[in-house]
Amino acid sequence: MNIRPAEPRDADAIWAILEPVLRAGETYALPRDMTRADAVAYWTGADRETFVAEDGGRVVGTYYIRPNQQGGGAHVCNCGYVTDTAMAGRGIARAMCTHSLDHARARGYRAMQFNFVISTNERAVRLWEEFGFRALTRLPGAFAHPRLGFVDALLMFRTL
């Protein structure tokens, strides 16, 4: 698997990965009806670095990294990860997390924080815990899940 910086030519592939996740509305606190233009602009915004994971030349995942806060909080980064739903369970998220941790250290970040991990996204929670993230707090009923109703969100953190 190859992970590289995203380029403008990757917009269609990024959208193809983001769209089913956004439409499902189960793992990201983003509008389920978000347009392609808005979703790609959000994911590849000027305030973040965006990467794609390729397998055999095909984009199978994407992540971004950015400062979680400005000024005195800019030494803590935040990331978002999405894997092609057809490729789930093949280690893509694990590879992207490994890459993001290494990249964060190289950029001088001292910690990584996930602000809003949906508690029912058990695979992601388990993976982040395997990477040493701890749930520092649970936000009761903070996410309106389309099938399960109001579920908790977690704030997860680890030092680098």
# chains A, B, ... in the order shown; residues from 1 in each chain; ligands from 1
call {"tool": "residues_around", "arguments": {"residues": "Ala88 in chain A", "least_positions_apart": "6", "cutoff": "12 Å", "atoms": "only C-alpha atoms", "output": "list in words"}}
result
Ile17, Val60, Gly61, Val82, Arg94, Arg123 and Ala124 of chain A
call {"tool": "select_by_dssp", "arguments": {"residues": "range 61-134 of chain A", "states": "alpha helix (DSSP H)", "output": "VMD selection string"}}
result
chain A and resid 92 to 106 122 to 130
call {"tool": "closest_residue", "arguments": {"among": "A:Phe51, A:Trp15, A:Phe143, A:Phe131", "to": "Thr27 in chain A", "atoms": "only C-alpha atoms"}}
result
A:Phe143
call {"tool": "closest_residue", "arguments": {"among": "A:Arg147, A:Arg36, A:Arg66, A:Arg23", "to": "Tyr109 in chain A", "atoms": "only C-alpha atoms"}}
result
A:Arg66
call {"tool": "atom_distance", "arguments": {"atom1": "CA of Trp43 in chain A", "atom2": "CA of Arg126 in chain A"}}
result
23.7 Å
call {"tool": "atom_distance", "arguments": {"atom1": "CA of Met34 in chain A", "atom2": "CA of Phe133 in chain A"}}
result
29.2 Å
call {"tool": "closest_residue", "arguments": {"among": "A:Cys79, A:Ala29, A:Leu155, A:Leu18", "to": "Ala135 in chain A", "atoms": "only C-alpha atoms"}}
result
A:Leu155
call {"tool": "closest_residue", "arguments": {"among": "A:Gly91, A:Gly108, A:Gly72, A:Pro67", "to": "Glu49 in chain A", "atoms": "only C-alpha atoms"}}
result
A:Pro67
call {"tool": "atom_distance", "arguments": {"atom1": "CA of Phe150 in chain A", "atom2": "CA of Ser119 in chain A"}}
result
10.6 Å
call {"tool": "select_by_dssp", "arguments": {"residues": "range 1-148 of chain A", "states": "strand (DSSP E or B)", "output": "PyMOL selection string"}}
result
chain A and resi 2-5+49-55+58-67+76-83+111-118+134-145
call {"tool": "write_last_selection", "arguments": {"atoms": "N, CA and C atoms", "output": "CSV table (one decimal), in the first residue's frame"}}
result
chain,number,residue,atom,x,y,z
A,2,ASN,N,0.5,2.2,-0.8
A,2,ASN,CA,1.2,3.5,-0.9
A,2,ASN,C,0.3,4.6,-0.4
A,3,ILE,N,0.9,5.4,0.5
A,3,ILE,CA,0.1,6.6,1.0
A,3,ILE,C,0.9,7.8,0.5
A,4,ARG,N,0.2,8.7,-0.1
A,4,ARG,CA,0.8,9.9,-0.7
A,4,ARG,C,-0.1,11.1,-0.5
A,5,PRO,N,0.5,12.3,-0.7
A,5,PRO,CA,-0.3,13.5,-0.6
A,5,PRO,C,-1.4,13.5,-1.7
A,49,GLU,N,-3.6,19.0,5.6
A,49,GLU,CA,-2.9,18.2,4.6
A,49,GLU,C,-3.7,17.0,4.4
A,50,THR,N,-4.0,16.6,3.1
A,50,THR,CA,-4.8,15.5,2.8
A,50,THR,C,-4.0,14.4,2.1
A,51,PHE,N,-4.2,13.2,2.4
A,51,PHE,CA,-3.4,12.1,1.9
A,51,PHE,C,-4.4,11.0,1.3
A,52,VAL,N,-3.9,10.2,0.4
A,52,VAL,CA,-4.7,9.1,-0.2
A,52,VAL,C,-3.9,7.9,0.0
A,53,ALA,N,-4.6,6.8,0.3
A,53,ALA,CA,-4.0,5.4,0.3
A,53,ALA,C,-4.3,4.7,-1.0
A,54,GLU,N,-3.3,4.2,-1.6
A,54,GLU,CA,-3.5,3.5,-2.9
A,54,GLU,C,-3.1,2.0,-2.8
A,55,ASP,N,-3.9,1.2,-3.4
A,55,ASP,CA,-3.6,-0.2,-3.5
A,55,ASP,C,-3.7,-0.6,-5.0
A,58,ARG,N,-5.1,2.1,-7.2
A,58,ARG,CA,-6.5,2.6,-6.9
A,58,ARG,C,-6.6,3.2,-5.5
A,59,VAL,N,-7.2,4.4,-5.4
A,59,VAL,CA,-7.4,5.1,-4.2
A,59,VAL,C,-8.4,4.3,-3.3
A,60,VAL,N,-8.0,3.8,-2.2
A,60,VAL,CA,-8.8,3.0,-1.3
A,60,VAL,C,-9.1,3.6,0.1
A,61,GLY,N,-8.5,4.8,0.3
A,61,GLY,CA,-8.7,5.4,1.6
A,61,GLY,C,-8.1,6.8,1.5
A,62,THR,N,-8.5,7.7,2.5
A,62,THR,CA,-8.0,9.0,2.5
A,62,THR,C,-8.1,9.5,3.9
A,63,TYR,N,-7.1,10.4,4.3
A,63,TYR,CA,-7.1,11.0,5.6
A,63,TYR,C,-6.6,12.4,5.5
A,64,TYR,N,-7.0,13.2,6.5
A,64,TYR,CA,-6.4,14.6,6.6
A,64,TYR,C,-5.8,14.7,7.9
A,65,ILE,N,-4.9,15.7,8.0
A,65,ILE,CA,-4.3,16.1,9.3
A,65,ILE,C,-4.2,17.6,9.4
A,66,ARG,N,-4.5,18.1,10.5
A,66,ARG,CA,-4.5,19.6,10.7
A,66,ARG,C,-4.3,19.9,12.1
A,67,PRO,N,-3.9,21.1,12.4
A,67,PRO,CA,-3.8,21.5,13.8
A,67,PRO,C,-5.3,21.5,14.4
A,76,VAL,N,-1.1,20.3,18.9
A,76,VAL,CA,-2.0,19.1,18.9
A,76,VAL,C,-2.7,19.0,17.6
A,77,CYS,N,-2.6,17.8,16.9
A,77,CYS,CA,-3.2,17.7,15.6
A,77,CYS,C,-4.5,16.9,15.7
A,78,ASN,N,-5.3,17.0,14.7
A,78,ASN,CA,-6.5,16.3,14.5
A,78,ASN,C,-6.5,15.6,13.2
A,79,CYS,N,-7.1,14.5,13.0
A,79,CYS,CA,-7.2,13.8,11.8
A,79,CYS,C,-8.6,13.2,11.5
A,80,GLY,N,-8.9,13.0,10.3
A,80,GLY,CA,-10.1,12.3,9.9
A,80,GLY,C,-9.7,11.2,8.9
A,81,TYR,N,-10.3,10.1,9.0
A,81,TYR,CA,-10.0,8.9,8.1
A,81,TYR,C,-11.2,8.3,7.5
A,82,VAL,N,-11.2,8.0,6.2
A,82,VAL,CA,-12.2,7.2,5.6
A,82,VAL,C,-11.6,6.2,4.7
A,83,THR,N,-12.2,5.0,4.7
A,83,THR,CA,-11.7,3.9,3.9
A,83,THR,C,-12.9,3.6,2.9
A,111,ALA,N,0.9,15.8,20.1
A,111,ALA,CA,-0.2,14.9,20.5
A,111,ALA,C,-1.2,14.9,19.3
A,112,MET,N,-2.1,13.9,19.3
A,112,MET,CA,-3.1,13.8,18.3
A,112,MET,C,-4.5,13.6,19.1
A,113,GLN,N,-5.5,14.3,18.6
A,113,GLN,CA,-6.8,14.3,19.3
A,113,GLN,C,-7.9,14.1,18.2
A,114,PHE,N,-8.8,13.1,18.6
A,114,PHE,CA,-9.9,12.9,17.8
A,114,PHE,C,-11.1,13.5,18.5
A,115,ASN,N,-11.7,14.5,18.0
A,115,ASN,CA,-12.7,15.3,18.7
A,115,ASN,C,-14.1,14.7,18.9
A,116,PHE,N,-14.4,13.8,18.0
A,116,PHE,CA,-15.8,13.3,18.0
A,116,PHE,C,-15.9,11.9,17.3
A,117,VAL,N,-15.5,10.9,18.1
A,117,VAL,CA,-15.5,9.6,17.6
A,117,VAL,C,-16.9,9.0,18.0
A,118,ILE,N,-17.7,8.5,17.1
A,118,ILE,CA,-19.0,8.0,17.4
A,118,ILE,C,-18.8,6.7,18.1
A,134,ARG,N,-6.7,7.1,24.1
A,134,ARG,CA,-7.6,6.9,25.3
A,134,ARG,C,-8.8,7.8,25.1
A,135,ALA,N,-10.0,7.3,25.5
A,135,ALA,CA,-11.2,8.1,25.5
A,135,ALA,C,-11.1,9.0,26.8
A,136,LEU,N,-10.9,10.3,26.6
A,136,LEU,CA,-10.8,11.2,27.8
A,136,LEU,C,-12.2,11.6,28.3
A,137,THR,N,-13.1,11.6,27.4
A,137,THR,CA,-14.5,11.9,27.9
A,137,THR,C,-15.5,11.3,26.9
A,138,ARG,N,-16.7,11.1,27.4
A,138,ARG,CA,-17.8,10.6,26.7
A,138,ARG,C,-18.9,11.7,26.7
A,139,LEU,N,-19.3,12.1,25.5
A,139,LEU,CA,-20.3,13.1,25.3
A,139,LEU,C,-21.7,12.4,25.2
A,140,PRO,N,-22.5,12.3,26.2
A,140,PRO,CA,-23.7,11.5,26.2
A,140,PRO,C,-24.7,12.1,25.1
A,141,GLY,N,-25.2,11.2,24.3
A,141,GLY,CA,-26.2,11.5,23.3
A,141,GLY,C,-25.8,12.6,22.4
A,142,ALA,N,-24.5,12.8,22.1
A,142,ALA,CA,-24.1,13.9,21.3
A,142,ALA,C,-24.3,13.7,19.8
A,143,PHE,N,-24.5,12.5,19.4
A,143,PHE,CA,-24.6,12.3,17.9
A,143,PHE,C,-26.0,11.6,17.6
A,144,ALA,N,-26.7,12.2,16.6
A,144,ALA,CA,-28.0,11.6,16.2
A,144,ALA,C,-27.7,10.6,15.1
A,145,HIS,N,-27.7,9.4,15.5
A,145,HIS,CA,-27.4,8.2,14.6
A,145,HIS,C,-28.7,7.9,13.9
call {"tool": "closest_residue", "arguments": {"among": "A:Ala13, A:Arg110, A:Val125, A:Gly149", "to": "Gly57 in chain A", "atoms": "only C-alpha atoms"}}
result
A:Ala13
